[in-house]
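Containing TSV, C-alpha atoms: input.tsv.
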chain	number	residue	atom	x	y	z
T	1	MET	CA	-12.44	-14.39	15.17
T	2	THR	CA	-8.99	-12.87	15.04
T	3	THR	CA	-7.81	-12.17	11.52
T	4	SER	CA	-4.87	-10.44	10.00
T	5	HIS	CA	-3.94	-9.83	6.44
T	6	ILE	CA	-0.22	-9.76	6.07
T	7	ASN	CA	1.05	-8.21	2.86
T	8	LEU	CA	4.71	-7.53	3.20
T	9	ALA	CA	5.00	-5.78	-0.17
T	10	GLN	CA	4.65	-2.53	1.80
T	11	PHE	CA	7.10	-3.69	4.50
T	12	SER	CA	9.25	-0.60	4.98
T	13	ASN	CA	12.57	-1.82	6.33
T	14	LYS	CA	14.16	-0.01	9.21
T	15	SER	CA	16.90	-2.61	9.17
T	16	TYR	CA	17.92	-5.71	7.22
T	17	GLN	CA	20.58	-8.30	7.90
T	18	GLY	CA	21.09	-11.08	5.45
T	19	GLN	CA	22.07	-12.26	2.03
T	20	LEU	CA	21.91	-10.12	-1.11
T	21	ASN	CA	22.05	-10.98	-4.80
T	22	SER	CA	24.50	-9.45	-7.29
T	23	VAL	CA	22.34	-6.33	-7.76
T	24	GLY	CA	21.94	-5.65	-4.03
T	25	GLN	CA	18.46	-7.10	-3.54
T	26	LYS	CA	17.50	-9.24	-0.55
T	27	HIS	CA	17.99	-12.80	-1.77
T	28	GLY	CA	18.42	-15.89	0.38
T	29	LYS	CA	17.98	-15.79	4.15
T	30	GLY	CA	17.59	-12.59	6.10
T	31	ILE	CA	15.95	-10.65	8.92
T	32	SER	CA	14.00	-7.41	8.42
T	33	ARG	CA	12.60	-5.08	11.05
T	34	ASP	CA	10.14	-2.38	10.01
T	35	ASN	CA	9.52	1.07	11.48
T	36	ASP	CA	6.81	-0.39	13.77
T	37	ASP	CA	9.22	-3.06	15.12
T	38	ASN	CA	7.49	-5.95	13.32
T	39	VAL	CA	10.03	-8.58	12.29
T	40	TYR	CA	10.27	-10.95	9.34
T	41	GLU	CA	12.89	-13.70	9.41
T	42	GLY	CA	13.15	-16.05	6.48
T	43	GLU	CA	13.73	-16.42	2.78
T	44	TYR	CA	13.77	-13.78	0.04
T	45	VAL	CA	13.94	-13.99	-3.74
T	46	ASN	CA	14.87	-10.84	-5.69
T	47	ASP	CA	13.79	-8.47	-2.89
T	48	ARG	CA	10.47	-10.29	-2.31
T	49	ILE	CA	9.52	-12.47	0.65
T	50	HIS	CA	9.31	-15.88	-0.95
T	51	GLY	CA	9.86	-19.30	0.62
T	52	VAL	CA	9.58	-20.12	4.31
T	53	GLY	CA	9.65	-17.54	7.05
T	54	THR	CA	8.26	-16.13	10.28
T	55	TYR	CA	6.57	-12.76	10.72
T	56	THR	CA	6.13	-11.45	14.27
T	57	THR	CA	4.22	-8.27	15.14
T	58	LYS	CA	5.19	-6.08	18.07
T	59	GLU	CA	1.80	-7.02	19.60
T	60	GLY	CA	2.83	-10.69	19.63
T	61	SER	CA	0.95	-12.17	16.67
T	62	VAL	CA	3.07	-14.71	14.78
T	63	TYR	CA	2.80	-16.32	11.35
T	64	GLU	CA	5.18	-19.19	10.56
T	65	GLY	CA	4.99	-20.79	7.17
T	66	GLU	CA	5.18	-20.48	3.43
T	67	TRP	CA	5.21	-17.23	1.44
T	68	LYS	CA	4.91	-16.34	-2.23
T	69	PHE	CA	5.57	-12.85	-3.54
T	70	ASP	CA	5.21	-11.14	-0.12
T	71	LEU	CA	1.97	-12.97	0.83
T	72	GLN	CA	1.16	-16.00	2.98
T	73	ASP	CA	0.72	-18.83	0.51
T	74	GLY	CA	0.90	-22.56	1.21
T	75	TYR	CA	0.84	-24.12	4.67
T	76	GLY	CA	1.19	-21.97	7.77
T	77	LYS	CA	0.52	-21.51	11.45
T	78	GLU	CA	-0.76	-18.22	12.81
T	79	SER	CA	-1.20	-17.39	16.49
T	80	TRP	CA	-2.47	-14.33	18.35
T	81	PRO	CA	-1.85	-12.98	21.88
T	82	ASP	CA	-5.43	-13.86	22.93
T	83	GLY	CA	-4.62	-17.56	22.45
T	84	SER	CA	-6.32	-18.02	19.06
T	85	ILE	CA	-4.48	-20.25	16.61
T	86	TYR	CA	-4.89	-21.23	12.97
T	87	LEU	CA	-3.11	-24.10	11.23
T	88	GLY	CA	-3.76	-24.69	7.57
T	89	SER	CA	-3.64	-23.52	4.01
T	90	TYR	CA	-3.27	-19.99	2.70
T	91	SER	CA	-3.60	-18.59	-0.79
T	92	LYS	CA	-2.59	-15.04	-1.73
T	93	GLY	CA	-2.55	-13.93	1.90
T	94	LEU	CA	-5.92	-15.41	2.90
T	95	LYS	CA	-6.96	-18.61	4.64
T	96	ASN	CA	-8.09	-20.90	1.80
T	97	GLY	CA	-8.51	-24.67	1.76
T	98	HIS	CA	-8.37	-26.97	4.77
T	99	GLY	CA	-7.60	-25.45	8.14
T	100	TYR	CA	-8.00	-25.72	11.90
T	101	TYR	CA	-8.90	-22.75	14.10
T	102	ARG	CA	-9.05	-22.62	17.91
T	103	TRP	CA	-10.65	-19.67	19.71
T	104	PRO	CA	-9.46	-18.45	23.14
T	105	ASP	CA	-12.41	-20.20	24.85
T	106	GLY	CA	-11.22	-23.55	23.46
T	107	SER	CA	-13.91	-24.01	20.81
T	108	THR	CA	-12.61	-25.18	17.44
T	109	TYR	CA	-13.39	-25.44	13.77
T	110	GLU	CA	-11.73	-27.80	11.33
T	111	GLY	CA	-12.75	-27.71	7.72
T	112	ASN	CA	-12.77	-25.61	4.60
T	113	TRP	CA	-11.97	-21.89	4.36
T	114	VAL	CA	-12.67	-19.55	1.46
T	115	ASP	CA	-11.05	-16.09	1.37
T	116	ASP	CA	-10.53	-15.97	5.16
T	117	LYS	CA	-14.09	-17.14	5.90
T	118	ILE	CA	-15.28	-20.42	7.37
T	119	GLU	CA	-17.24	-22.52	4.93
T	120	GLY	CA	-19.32	-24.96	6.94
T	121	PHE	CA	-20.41	-25.36	10.53
T	122	VAL	CA	-18.49	-24.44	13.66
T	123	GLY	CA	-18.52	-27.25	16.22
Any chance you could give the structure as structure tokens?
Amino acid sequence: MTTSHINLAQFSNKSYQGQLNSVGQKHGKGISRDNDDNVYEGEYVNDRIHGVGTYTTKEGSVYEGEWKFDLQDGYGKESWPDGSIYLGSYSKGLKNGHGYYRWPDGSTYEGNWVDDKIEGFVG
């Protein structure tokens, strides 16, 4: 199974375009590109990724969804270049709660996840 743990707290910006608050922190909507050419486009609150946004790696993996304090949290969709896809709930950067996963060969799992691990049977 393809997994990725995205923690953007360590996201070192090469460039940023977007809104700032009165003390110069990223706040509102913006686009950041890091030194590895990964891109985040979405909402910030007081210099933290928080709200709704999209993170795209230079390899082509994409996460679109909700963020809290630099981590995937809430509902999101993650896809990988090999064709794998996950749609479902995240908590503190990990798949948690109900979700749907499709592997490149077309097999699927829909059910509960705990800390990025399937809880149940794959069908």
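The closest residue to Trp80 in chain T, picked from T:Gly42, T:Gly65, T:Gly51, T:Gly60 and counting only C-alpha atoms, is T:Gly60.
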Quick one: pull the distance between CA of Ser22 in chain T and CA of Asn35 in chain T, Å, one decimal.
26.2 Å
To one decimal place in Å, what is the distance between CA of Lys58 in chain T and CA of Asn46 in chain T?
26.1 Å
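In this model, the gap between CA of His98 in chain T and CA of Arg48 in chain T comes to 26.1 Å.
Restricting the calculation to only C-alpha atoms, the smallest distance between Lys14 in chain T and any of T:Asp116, T:Glu78, T:Glu59, T:Asp37 is found for T:Asp37.
Considering the residues T:Ser61, T:Ser32, T:Gln17, T:Gln25 and counting only C-alpha atoms, Asp47 in chain T has its shortest atom-to-atom contact with T:Gln25.
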